[in-house]
There are 2 protein chains.
Amino acid sequence: MKHHSIIELIERKRDSGVLRPEELQWIIAEYTADSLPDYQMSSLLMAIYINGFNPDELAAWTEAMLRSGEILDLDHISAPKGDKHSTGGVGDKISIPLAPMVAACGVAVPMMSGRGLGHTGGTLDKLESIPGFRTRLDKDEFVRTVQKHGLVLGGQSETMAPADRRIYALRDSTGTVPSLPLIASSIMSKKLAEGIDGLVLDVKTGSGAFMKDEPSARALAETMVGIGAAHGTRVVATLTAMDQPLGVAVGNANEIAESFDVLEGDGPDDVVELTYSLGADMLVLGGVAADRDEARSRLEGVVASGAAMEKLQEVIAALGSNPAATENRLLLPTVPEKYELLATTEGVVTKCDARDIGVAGVRLGAGREKKEDDVDHGVSINVLAKVGDRVSAGDPLAAIEYREHSRLESALPLLERAWEIGDRASFPQLIIGHVS
Amino acid sequence: MKHHSIIELIERKRDSGVLRPEELQWIIAEYTADSLPDYQMSSLLMAIYINGFNPDELAAWTEAMLRSGEILDLDHISAPKGDKHSTGGVGDKISIPLAPMVAACGVAVPMMSGRGLGHTGGTLDKLESIPGFRTRLDKDEFVRTVQKHGLVLGGQSETMAPADRRIYALRDSTGTVPSLPLIASSIMSKKLAEGIDGLVLDVKTGSGAFMKDEPSARALAETMVGIGAAHGTRVVATLTAMDQPLGVAVGNANEIAESFDVLEGDGPDDVVELTYSLGADMLVLGGVAADRDEARSRLEGVVASGAAMEKLQEVIAALGSNPAATENRLLLPTVPEKYELLATTEGVVTKCDARDIGVAGVRLGAGREKKEDDVDHGVSINVLAKVGDRVSAGDPLAAIEYREHSRLESALPLLERAWEIGDRASFPQLIIGHVS
């Protein structure tokens, strides 16, 4: 590879110039090979943060990150391969019922998920509530499992998109996280390395989301769809509301239980609705359904027949865990103490703040403030009154299960302010729009 | 000192916000104490580069850098204390005749100078042409010398403004050098640490200068004058042309010889003119002359009487070197080979490019491409035809003294393009304006 002067490249981006694909590839390759020091990369990242990337630069940067490590080759799997990614929210357990439903319909799902950080939970943490569930799979086991069962759920391999992992850590300590091109390329480099044919994105907006307003969520969705097109992978995005938590369960074991409910046809309306909607996109992208209506019927079919639940049980067993937990919820972790947050007045819930409830969950121990923190899988918040619901004074707003009183004490002020009760509120729209 | 979150501070500057004085002090203190990693500092420096500093931030940043190390306390010296700083050019030896002239007039000059880098020379390198001249003085010797003789010439102490030295090195490798506030604070933190009462700045503009155009040179001058005012030190600046070299001599030993000529009343017009002009400002700032006219008479007086040359000889002797070099130029280093660059046509010199001649000097060995390079004090370019001069074909444009033929070969293409000869050109204006 031709040698470039990193200082000249930093200067060009600093002055709002354009970096060429081979220059961006060189930067990522040098950084991955430890030949470019952090202090030069962080200077460049700040220049990118402030001056941005044009679509060609963004495509080349993403491509270089995804090629910095191993790329899964799933060509020997004849089924269409698809995945879903959510930008993260509170109570967002959609991946867990979604993946087996879609797999049961014939789209192979090699799903790599992340851990929770800050107020948002992570699918891996939730899955680890299932006793014995292993999320660290080596590449061979990951590929073998999706090949055999059409489904695998695991953590991202260390060997995939290593540049993204290192750049993310550097951004995290240099004030360059909330950059649209850097976020979009980070997500897409990891997902495109999975060797999938189609990707469905759930881009959230609202108090509990990374993107607080709809225009920035839409811009992120459009940017990621564009990266997919440049890479030659079909990507569609749904914009969804994250002003209040998804479903009832916020935590880990309780979110797993709610996921099982969805697979049994008995989940909360919003979770069911979003799971079917994203699943329909996956089936259409995968070419196993002609349109969203047909796709939705097929998804309802595999829930009604039990095939979706069987698919999940099959994979739980394949990964060495006990599928009985899906039938006997008592096998999931619990904690001893309970507390009910009660409404103090009569009226209609006008606010049920996702971020406050998410942070309260972290304070109870359900999530992480820092990467090193451990997660207590049993603690939970069950959200019993949501926006538009009518309550009387004394009605429960939330049921909290906790282990340590001091943690409850630190969570309560957030929970007490999370709900507002007023005269009227309509049930909010969950699905805001589609980008493709 | 209160602890701040560096990430929050980086984010604020990234978003064009304002950092408070105590926050800037904390950043500089942490960086100097090795508690802030380079990758966070470089990210912040890029944000400062792009989004700038307001005057309050700039004053606080400069103050923090100057307080990061030792500050000379010269209060026990009753004479006014002054210094001059040039932003750097080609053939700029002004400090060497200027400092003893001003000292001979009663303003103490504790002058700390730098080394050459790139196409510009450095006063320390030139001084080291004088056999035995020591430029590394410890603080005690530096202070003792200026106290006893009213003059000292030396390198900057490692203990003064260490934050500036480290930040400069980081900027040099992260594309954040040519930033007005970062340049201004770097210069001023070093100069204000000298414990002087007044500072005269020579801000150059043109092909051989750091600032290529007059508006940016004026902005830098105004910024530095403002920093001086905030610190409580009187600072005046002169904007001067650096399109062609100053004087005849470009090199090291030849620039020392030309400096001696100026002290003997026999220097090239432009060097004499600028030395008197900057010296007049120093005398007025120091309060030893009522106005520039009176100051100029006094400077001419100490040249005519030989007092200025005696002052320099006194300090050369005090620092352990041989003052005879000022009378016997043969004691200065020379090189064996000579080459004359001749005019190929008749006409008037319309261009004599400072930058090309400066780079040619570096290629001959008179300067440094990299910090680690050694300087060959004997090699030299003498500029024999300047803009406005009439020449005939065959007249010498420059006399070059060199050591290695290969180095001459690499310098010649630059020298051959440095001169242009046309129909007419007026003698250019050297002193463009004043800022105070």
# chains A, B, ... in the order shown; residues from 1 in each chain; ligands from 1

$ interface_residues --of "chain B" --to "chain A" --cutoff "8 Å" --atoms "only C-alpha atoms" --output "compact mmCIF listing (two decimals) with N, CA, C and O atoms, in the first residue's frame"
# COMPACT_ATOMS: atom_id res chain seq x y z
N ILE B 7 -13.54 15.28 29.03
CA ILE B 7 -14.42 15.00 27.89
C ILE B 7 -15.47 16.11 27.75
O ILE B 7 -15.73 16.59 26.64
N GLU B 8 -16.03 16.55 28.86
CA GLU B 8 -16.99 17.66 28.80
C GLU B 8 -16.36 18.92 28.22
O GLU B 8 -16.98 19.67 27.47
N ILE B 10 -13.69 19.09 26.19
CA ILE B 10 -13.45 18.87 24.75
C ILE B 10 -14.77 19.07 23.99
O ILE B 10 -14.82 19.75 22.96
N GLU B 11 -15.85 18.47 24.53
CA GLU B 11 -17.14 18.57 23.84
C GLU B 11 -17.59 20.03 23.73
O GLU B 11 -18.14 20.45 22.71
N ARG B 14 -15.55 21.67 21.07
CA ARG B 14 -15.99 21.07 19.82
C ARG B 14 -17.25 21.75 19.31
O ARG B 14 -17.42 22.00 18.12
N ASP B 38 -1.97 12.40 25.58
CA ASP B 38 -1.81 13.13 24.32
C ASP B 38 -3.06 13.05 23.45
O ASP B 38 -3.42 14.01 22.77
N TYR B 39 -3.73 11.89 23.44
CA TYR B 39 -4.86 11.74 22.50
C TYR B 39 -6.03 12.63 22.90
O TYR B 39 -6.81 13.01 22.03
N GLN B 40 -6.17 12.95 24.19
CA GLN B 40 -7.23 13.89 24.57
C GLN B 40 -6.80 15.31 24.24
O GLN B 40 -7.58 16.13 23.76
N MET B 41 -5.52 15.63 24.52
CA MET B 41 -5.03 16.97 24.21
C MET B 41 -5.10 17.24 22.71
O MET B 41 -5.48 18.34 22.29
N SER B 42 -4.76 16.26 21.88
CA SER B 42 -4.75 16.52 20.44
C SER B 42 -6.17 16.70 19.90
O SER B 42 -6.40 17.47 18.97
N SER B 43 -7.12 16.00 20.50
CA SER B 43 -8.52 16.17 20.11
C SER B 43 -8.97 17.59 20.46
O SER B 43 -9.61 18.29 19.67
N LEU B 44 -8.60 18.04 21.66
CA LEU B 44 -8.94 19.41 22.08
C LEU B 44 -8.25 20.44 21.18
O LEU B 44 -8.86 21.44 20.79
N LEU B 45 -6.97 20.20 20.86
CA LEU B 45 -6.23 21.16 20.03
C LEU B 45 -6.89 21.31 18.66
O LEU B 45 -6.96 22.41 18.11
N MET B 46 -7.38 20.19 18.09
CA MET B 46 -8.07 20.29 16.80
C MET B 46 -9.36 21.11 16.94
O MET B 46 -9.69 21.93 16.08
N ALA B 47 -10.07 20.90 18.05
CA ALA B 47 -11.30 21.68 18.27
C ALA B 47 -10.96 23.16 18.43
O ALA B 47 -11.66 24.04 17.93
N ILE B 50 -10.07 24.63 14.99
CA ILE B 50 -11.21 24.90 14.11
C ILE B 50 -12.14 25.97 14.69
O ILE B 50 -12.60 26.85 13.98
N SER B 173 2.76 17.22 15.13
CA SER B 173 2.45 15.91 14.56
C SER B 173 0.95 15.64 14.44
O SER B 173 0.54 14.53 14.13
N THR B 174 0.13 16.66 14.68
CA THR B 174 -1.32 16.42 14.60
C THR B 174 -2.02 17.47 13.73
O THR B 174 -3.25 17.64 13.84
N GLY B 175 -1.27 18.16 12.89
CA GLY B 175 -1.92 19.08 11.94
C GLY B 175 -2.55 20.29 12.59
O GLY B 175 -3.54 20.80 12.07
N THR B 176 -2.00 20.76 13.69
CA THR B 176 -2.62 21.91 14.36
C THR B 176 -1.62 23.04 14.60
O THR B 176 -1.78 23.83 15.52

$ residues_around --residues "segment 330-343 of chain B" --least-positions-apart "6" --cutoff "8 Å" --atoms "only C-alpha atoms" --output "VMD selection string"
chain B and resid 129 to 131 253 324 377 to 379 391 to 403 415 to 416

$ atom_distance --atom1 "atom CA of Gly265 of chain A" --atom2 "atom CA of Asp92 of chain A"
17.5 Å

$ closest_residue --among "A:Gly132, A:Gly247, A:Gly154, A:Pro55" --to "Gly89 of chain A" --atoms "only C-alpha atoms"
A:Gly247

$ closest_residue --among "B:Ala79, B:Ala103, B:Met224, B:Val90" --to "Ala280 of chain B" --atoms "only C-alpha atoms"
B:Ala103

$ select_by_dssp --residues "segment 200-264 of chain A" --states "helix (DSSP H, G or I)" --output "JSON, numbers by chain"
{"A": [214, 215, 216, 217, 218, 219, 220, 221, 222, 223, 224, 225, 226, 227, 228, 229, 230, 231, 253, 254, 255, 256, 257, 258, 259, 260, 261, 262, 263]}

$ atom_distance --atom1 "atom CA of Val200 of chain B" --atom2 "atom CA of Val102 of chain B"
11.9 Å

$ residues_around --residues "Gly347 of chain B" --least-positions-apart "3" --cutoff "10 Å" --atoms "only C-alpha atoms" --output "VMD selection string"
chain B and resid 343 to 344 350 388 to 393 420 to 425

$ write_last_selection --atoms "N, CA and C atoms" --output "short mmCIF file (atom, residue, chain, number, x, y, z; two decimals), in the first residue's frame"
data_model
loop_
_atom_site.label_atom_id
_atom_site.label_comp_id
_atom_site.auth_asym_id
_atom_site.auth_seq_id
_atom_site.Cartn_x
_atom_site.Cartn_y
_atom_site.Cartn_z
N ALA B 343 23.19 36.51 -13.46
CA ALA B 343 21.99 36.91 -14.22
C ALA B 343 22.18 36.50 -15.67
N THR B 344 21.12 36.00 -16.29
CA THR B 344 21.23 35.55 -17.69
C THR B 344 20.67 36.59 -18.63
N THR B 350 12.76 41.67 -10.24
CA THR B 350 11.36 41.82 -9.85
C THR B 350 10.99 40.83 -8.74
N GLY B 388 14.31 45.57 -7.31
CA GLY B 388 14.53 46.98 -7.65
C GLY B 388 15.94 47.23 -8.18
N ASP B 389 16.85 46.30 -7.92
CA ASP B 389 18.22 46.47 -8.42
C ASP B 389 18.26 46.20 -9.93
N ARG B 390 19.08 47.02 -10.64
CA ARG B 390 19.28 46.81 -12.08
C ARG B 390 20.49 45.90 -12.27
N VAL B 391 20.35 44.90 -13.13
CA VAL B 391 21.48 43.98 -13.40
C VAL B 391 21.68 43.83 -14.90
N SER B 392 22.90 43.48 -15.27
CA SER B 392 23.21 43.12 -16.65
C SER B 392 23.43 41.62 -16.70
N ALA B 393 23.30 41.04 -17.90
CA ALA B 393 23.59 39.61 -18.05
C ALA B 393 25.03 39.37 -17.60
N GLU B 420 13.70 36.66 -10.47
CA GLU B 420 13.07 36.98 -11.74
C GLU B 420 13.51 38.37 -12.14
N ILE B 421 13.76 38.54 -13.42
CA ILE B 421 14.24 39.84 -13.93
C ILE B 421 13.26 40.33 -14.98
N GLY B 422 12.83 41.57 -14.81
CA GLY B 422 11.85 42.12 -15.74
C GLY B 422 12.20 43.53 -16.14
N ASP B 423 11.15 44.26 -16.51
CA ASP B 423 11.39 45.62 -17.01
C ASP B 423 11.52 46.64 -15.89
N ARG B 424 10.64 46.50 -14.94
CA ARG B 424 10.68 47.51 -13.88
C ARG B 424 10.17 46.95 -12.57
N ALA B 425 10.66 47.51 -11.49
CA ALA B 425 10.19 47.16 -10.14
C ALA B 425 10.67 48.25 -9.22
#

$ select_by_dssp --residues "segment 154-385 of chain B" --states "strand (DSSP E or B)" --output "ChimeraX atom specification"
/B:154-155,198-205,211,234-241,249-251,337-342,347-352,380-383

$ residues_around --residues "Glu141 of chain A" --least-positions-apart "3" --cutoff "12 Å" --atoms "only C-alpha atoms" --output "PyMOL selection string"
chain A and resi 110+134-138+144-149+151-154+157+315+318-320

$ write_last_selection --atoms "N, CA, C and O atoms" --output "compact mmCIF listing (two decimals), in the first residue's frame"
# COMPACT_ATOMS: atom_id res chain seq x y z
N PRO A 110 -27.83 -14.62 11.41
CA PRO A 110 -26.57 -14.69 12.17
C PRO A 110 -26.44 -13.42 13.01
O PRO A 110 -25.75 -12.48 12.64
N ARG A 134 -24.52 -19.18 26.55
CA ARG A 134 -23.18 -18.68 26.21
C ARG A 134 -23.30 -17.68 25.06
O ARG A 134 -23.89 -18.01 24.03
N THR A 135 -22.73 -16.49 25.23
CA THR A 135 -22.78 -15.50 24.15
C THR A 135 -21.42 -15.35 23.48
O THR A 135 -21.31 -14.70 22.46
N ARG A 136 -20.38 -15.95 24.10
CA ARG A 136 -19.05 -15.89 23.46
C ARG A 136 -18.85 -17.13 22.62
O ARG A 136 -18.51 -18.19 23.15
N LEU A 137 -19.07 -17.00 21.36
CA LEU A 137 -18.93 -18.15 20.47
C LEU A 137 -17.75 -17.90 19.55
O LEU A 137 -17.54 -16.77 19.11
N ASP A 138 -16.98 -18.94 19.29
CA ASP A 138 -15.93 -18.70 18.30
C ASP A 138 -16.56 -18.75 16.91
O ASP A 138 -17.72 -19.13 16.74
N ARG A 144 -21.38 -22.59 12.26
CA ARG A 144 -21.99 -23.92 12.29
C ARG A 144 -23.44 -23.85 12.79
O ARG A 144 -24.33 -24.50 12.27
N THR A 145 -23.64 -22.99 13.83
CA THR A 145 -24.97 -22.91 14.43
C THR A 145 -25.97 -22.28 13.46
O THR A 145 -27.09 -22.77 13.30
N VAL A 146 -25.57 -21.20 12.81
CA VAL A 146 -26.51 -20.58 11.87
C VAL A 146 -26.74 -21.48 10.66
O VAL A 146 -27.84 -21.55 10.11
N GLN A 147 -25.69 -22.22 10.29
CA GLN A 147 -25.84 -23.13 9.14
C GLN A 147 -26.83 -24.24 9.47
O GLN A 147 -27.71 -24.57 8.68
N LYS A 148 -26.70 -24.79 10.69
CA LYS A 148 -27.55 -25.94 11.06
C LYS A 148 -28.97 -25.52 11.42
O LYS A 148 -29.94 -26.17 11.04
N HIS A 149 -29.10 -24.39 12.17
CA HIS A 149 -30.41 -24.03 12.72
C HIS A 149 -31.04 -22.81 12.05
O HIS A 149 -32.18 -22.46 12.36
N LEU A 151 -30.26 -19.95 12.70
CA LEU A 151 -30.30 -18.90 13.73
C LEU A 151 -29.12 -19.06 14.67
O LEU A 151 -28.79 -20.19 15.07
N VAL A 152 -28.50 -17.94 15.00
CA VAL A 152 -27.54 -17.95 16.10
C VAL A 152 -27.57 -16.57 16.72
O VAL A 152 -27.78 -15.55 16.04
N LEU A 153 -27.44 -16.54 18.05
CA LEU A 153 -27.42 -15.28 18.79
C LEU A 153 -26.11 -15.25 19.56
O LEU A 153 -25.83 -16.16 20.34
N GLY A 154 -25.28 -14.22 19.34
CA GLY A 154 -24.01 -14.19 20.05
C GLY A 154 -23.44 -12.79 20.10
O GLY A 154 -24.02 -11.85 19.56
N SER A 157 -17.52 -11.00 17.48
CA SER A 157 -16.19 -11.59 17.61
C SER A 157 -15.14 -10.48 17.67
O SER A 157 -15.26 -9.45 17.02
N VAL A 315 -32.02 -23.45 19.45
CA VAL A 315 -30.72 -22.77 19.50
C VAL A 315 -30.20 -22.69 20.94
O VAL A 315 -29.00 -22.85 21.19
N ALA A 318 -28.76 -25.94 21.45
CA ALA A 318 -27.54 -26.11 20.65
C ALA A 318 -26.35 -25.41 21.30
O ALA A 318 -25.21 -25.86 21.19
N LEU A 319 -26.62 -24.32 21.99
CA LEU A 319 -25.52 -23.56 22.62
C LEU A 319 -25.30 -24.03 24.05
O LEU A 319 -24.62 -23.38 24.83
N GLY A 320 -25.88 -25.16 24.41
CA GLY A 320 -25.53 -25.81 25.68
C GLY A 320 -26.32 -25.34 26.87
O GLY A 320 -25.98 -25.65 28.02

$ atom_distance --atom1 "atom CA of Leu263 of chain B" --atom2 "atom CA of Ile432 of chain B"
24.3 Å

$ residues_around --residues "Thr240 of chain B" --least-positions-apart "2" --cutoff "6 Å" --atoms "only C-alpha atoms" --output "ChimeraX atom specification"
/B:204,430-432

$ residues_around --residues "segment 228-231 of chain A" --least-positions-apart "2" --cutoff "12 Å" --atoms "only C-alpha atoms" --output "PyMOL selection string"
chain A and resi 55-64+66-67+184-185+187-193+195-201+221-226+233-237+436

$ write_last_selection --atoms "N, CA, C and O atoms" --output "compact mmCIF listing (two decimals), in the first residue's frame"
# COMPACT_ATOMS: atom_id res chain seq x y z
N PRO A 55 -20.62 11.34 1.15
CA PRO A 55 -21.03 9.94 1.06
C PRO A 55 -19.92 9.00 0.57
O PRO A 55 -19.82 7.87 1.06
N ASP A 56 -19.07 9.46 -0.35
CA ASP A 56 -17.99 8.60 -0.83
C ASP A 56 -16.97 8.33 0.26
O ASP A 56 -16.47 7.21 0.42
N GLU A 57 -16.63 9.37 1.02
CA GLU A 57 -15.69 9.19 2.12
C GLU A 57 -16.27 8.23 3.15
O GLU A 57 -15.58 7.35 3.67
N LEU A 58 -17.55 8.40 3.44
CA LEU A 58 -18.19 7.58 4.46
C LEU A 58 -18.21 6.12 4.03
O LEU A 58 -17.94 5.21 4.83
N ALA A 59 -18.53 5.89 2.76
CA ALA A 59 -18.56 4.51 2.27
C ALA A 59 -17.16 3.89 2.35
O ALA A 59 -17.00 2.75 2.79
N ALA A 60 -16.14 4.66 1.99
CA ALA A 60 -14.77 4.12 2.00
C ALA A 60 -14.29 3.87 3.43
O ALA A 60 -13.62 2.87 3.71
N TRP A 61 -14.62 4.78 4.33
CA TRP A 61 -14.23 4.64 5.74
C TRP A 61 -14.88 3.38 6.35
O TRP A 61 -14.24 2.58 7.02
N THR A 62 -16.19 3.21 6.06
CA THR A 62 -16.91 2.05 6.59
C THR A 62 -16.33 0.77 6.01
O THR A 62 -16.09 -0.21 6.74
N GLU A 63 -16.10 0.78 4.71
CA GLU A 63 -15.55 -0.39 4.02
C GLU A 63 -14.19 -0.76 4.62
O GLU A 63 -13.89 -1.93 4.85
N ALA A 64 -13.36 0.26 4.89
CA ALA A 64 -12.03 0.01 5.45
C ALA A 64 -12.16 -0.59 6.85
O ALA A 64 -11.42 -1.50 7.22
N LEU A 66 -14.70 -2.32 8.02
CA LEU A 66 -15.23 -3.69 7.96
C LEU A 66 -14.17 -4.65 7.43
O LEU A 66 -14.13 -5.81 7.84
N ARG A 67 -13.25 -4.14 6.60
CA ARG A 67 -12.17 -5.00 6.09
C ARG A 67 -10.96 -5.04 7.02
O ARG A 67 -9.95 -5.66 6.69
N ALA A 184 -22.72 6.09 12.16
CA ALA A 184 -23.24 5.27 11.06
C ALA A 184 -22.19 4.26 10.59
O ALA A 184 -22.49 3.09 10.38
N SER A 185 -20.94 4.70 10.47
CA SER A 185 -19.89 3.79 9.98
C SER A 185 -19.57 2.73 11.02
O SER A 185 -19.24 1.59 10.68
N ILE A 187 -21.69 1.38 13.27
CA ILE A 187 -22.76 0.37 13.22
C ILE A 187 -22.63 -0.48 11.96
O ILE A 187 -22.64 -1.72 12.02
N MET A 188 -22.50 0.18 10.83
CA MET A 188 -22.57 -0.53 9.56
C MET A 188 -21.34 -1.42 9.32
O MET A 188 -21.44 -2.48 8.71
N SER A 189 -20.16 -1.00 9.80
CA SER A 189 -18.97 -1.84 9.58
C SER A 189 -19.13 -3.17 10.31
O SER A 189 -18.74 -4.22 9.79
N LYS A 190 -19.72 -3.12 11.50
CA LYS A 190 -19.91 -4.37 12.25
C LYS A 190 -20.96 -5.25 11.59
O LYS A 190 -20.79 -6.45 11.44
N LYS A 191 -22.08 -4.62 11.19
CA LYS A 191 -23.18 -5.41 10.64
C LYS A 191 -22.83 -5.99 9.28
O LYS A 191 -23.17 -7.12 8.97
N LEU A 192 -22.15 -5.19 8.44
CA LEU A 192 -21.83 -5.67 7.10
C LEU A 192 -20.78 -6.78 7.13
O LEU A 192 -20.68 -7.57 6.20
N ALA A 193 -20.00 -6.83 8.24
CA ALA A 193 -19.00 -7.90 8.37
C ALA A 193 -19.67 -9.25 8.66
O ALA A 193 -19.00 -10.28 8.63
N GLY A 195 -21.68 -10.71 6.81
CA GLY A 195 -21.90 -11.46 5.56
C GLY A 195 -23.36 -11.67 5.23
O GLY A 195 -23.75 -12.69 4.66
N ILE A 196 -24.20 -10.67 5.58
CA ILE A 196 -25.65 -10.80 5.37
C ILE A 196 -26.05 -10.20 4.02
O ILE A 196 -25.33 -9.40 3.44
N ASP A 197 -27.25 -10.61 3.56
CA ASP A 197 -27.77 -10.08 2.29
C ASP A 197 -28.63 -8.84 2.51
O ASP A 197 -28.79 -8.00 1.62
N GLY A 198 -29.24 -8.76 3.68
CA GLY A 198 -30.15 -7.64 3.94
C GLY A 198 -30.11 -7.27 5.42
O GLY A 198 -29.89 -8.14 6.28
N LEU A 199 -30.30 -5.99 5.69
CA LEU A 199 -30.24 -5.51 7.08
C LEU A 199 -31.43 -4.59 7.34
O LEU A 199 -31.73 -3.71 6.53
N VAL A 200 -32.09 -4.82 8.47
CA VAL A 200 -33.20 -3.98 8.88
C VAL A 200 -32.75 -3.16 10.09
O VAL A 200 -32.23 -3.72 11.06
N LEU A 201 -32.93 -1.86 10.00
CA LEU A 201 -32.48 -0.97 11.08
C LEU A 201 -33.68 -0.41 11.82
O LEU A 201 -34.67 0.01 11.21
N ALA A 221 -30.63 7.36 9.75
CA ALA A 221 -31.21 6.24 8.98
C ALA A 221 -30.83 6.35 7.51
O ALA A 221 -30.39 5.38 6.89
N GLU A 222 -30.97 7.56 6.96
CA GLU A 222 -30.65 7.76 5.54
C GLU A 222 -29.17 7.49 5.28
O GLU A 222 -28.80 6.90 4.26
N THR A 223 -28.32 7.94 6.21
CA THR A 223 -26.89 7.74 6.05
C THR A 223 -26.55 6.24 6.04
O THR A 223 -25.77 5.77 5.21
N MET A 224 -27.17 5.49 6.96
CA MET A 224 -26.86 4.06 7.03
C MET A 224 -27.42 3.31 5.82
O MET A 224 -26.78 2.39 5.30
N VAL A 225 -28.60 3.71 5.37
CA VAL A 225 -29.15 3.08 4.17
C VAL A 225 -28.21 3.34 2.98
O VAL A 225 -27.96 2.46 2.15
N GLY A 226 -27.65 4.56 2.93
CA GLY A 226 -26.71 4.92 1.86
C GLY A 226 -25.43 4.10 1.92
O GLY A 226 -24.90 3.67 0.89
N THR A 233 -25.42 -4.01 -0.13
CA THR A 233 -26.30 -4.78 0.75
C THR A 233 -27.59 -4.00 0.92
O THR A 233 -27.57 -2.79 1.16
N ARG A 234 -28.73 -4.68 0.81
CA ARG A 234 -30.00 -3.97 0.94
C ARG A 234 -30.27 -3.65 2.41
O ARG A 234 -30.20 -4.52 3.27
N VAL A 235 -30.56 -2.40 2.67
CA VAL A 235 -30.80 -1.93 4.03
C VAL A 235 -32.08 -1.12 4.04
O VAL A 235 -32.27 -0.25 3.17
N VAL A 236 -32.99 -1.41 4.97
CA VAL A 236 -34.16 -0.56 5.16
C VAL A 236 -34.20 -0.17 6.63
O VAL A 236 -33.73 -0.91 7.50
N ALA A 237 -34.74 1.00 6.90
CA ALA A 237 -34.77 1.49 8.29
C ALA A 237 -36.18 1.89 8.67
O ALA A 237 -36.96 2.36 7.83
N SER A 436 -35.88 3.85 3.05
CA SER A 436 -35.26 2.75 2.28
C SER A 436 -34.70 3.31 0.98
O SER A 436 -34.90 4.47 0.66

$ residues_around --residues "Lys311 of chain A" --least-positions-apart "2" --cutoff "9 Å" --atoms "only C-alpha atoms" --output "MDAnalysis selection string"
chainID A and resid 100:101 103:104 149:151 306:309 313:316

$ closest_residue --among "B:Gly367, B:Pro162, B:Gly116, B:Pro215" --to "Ala33 of chain B" --atoms "only C-alpha atoms"
B:Pro162

$ decode --residues "segment 54-63 of chain B" --atoms "N, CA, C and O atoms" --output "CSV table (one decimal), in the first residue's frame"
chain,number,residue,atom,x,y,z
B,54,ASN,N,-11.8,32.9,22.3
B,54,ASN,CA,-12.1,34.3,22.4
B,54,ASN,C,-10.9,34.9,23.2
B,54,ASN,O,-10.1,34.2,23.7
B,55,PRO,N,-10.8,36.3,23.2
B,55,PRO,CA,-9.7,36.9,23.9
B,55,PRO,C,-9.5,36.5,25.3
B,55,PRO,O,-8.3,36.3,25.8
B,56,ASP,N,-10.5,36.3,26.1
B,56,ASP,CA,-10.4,35.8,27.5
B,56,ASP,C,-9.8,34.4,27.6
B,56,ASP,O,-9.0,34.1,28.4
B,57,GLU,N,-10.3,33.5,26.7
B,57,GLU,CA,-9.8,32.2,26.7
B,57,GLU,C,-8.3,32.2,26.3
B,57,GLU,O,-7.5,31.5,26.9
B,58,LEU,N,-8.0,33.0,25.3
B,58,LEU,CA,-6.6,33.1,24.9
B,58,LEU,C,-5.7,33.6,26.0
B,58,LEU,O,-4.6,33.0,26.2
B,59,ALA,N,-6.1,34.6,26.7
B,59,ALA,CA,-5.3,35.2,27.7
B,59,ALA,C,-5.1,34.1,28.8
B,59,ALA,O,-4.0,33.9,29.3
B,60,ALA,N,-6.2,33.4,29.2
B,60,ALA,CA,-6.1,32.4,30.2
B,60,ALA,C,-5.2,31.2,29.8
B,60,ALA,O,-4.4,30.7,30.6
B,61,TRP,N,-5.3,30.8,28.6
B,61,TRP,CA,-4.5,29.7,28.1
B,61,TRP,C,-3.0,30.0,28.1
B,61,TRP,O,-2.1,29.3,28.5
B,62,THR,N,-2.7,31.3,27.6
B,62,THR,CA,-1.3,31.7,27.6
B,62,THR,C,-0.8,31.8,29.0
B,62,THR,O,0.4,31.4,29.3
B,63,GLU,N,-1.6,32.4,29.9
B,63,GLU,CA,-1.1,32.6,31.3
B,63,GLU,C,-0.9,31.2,31.9
B,63,GLU,O,0.1,31.0,32.6
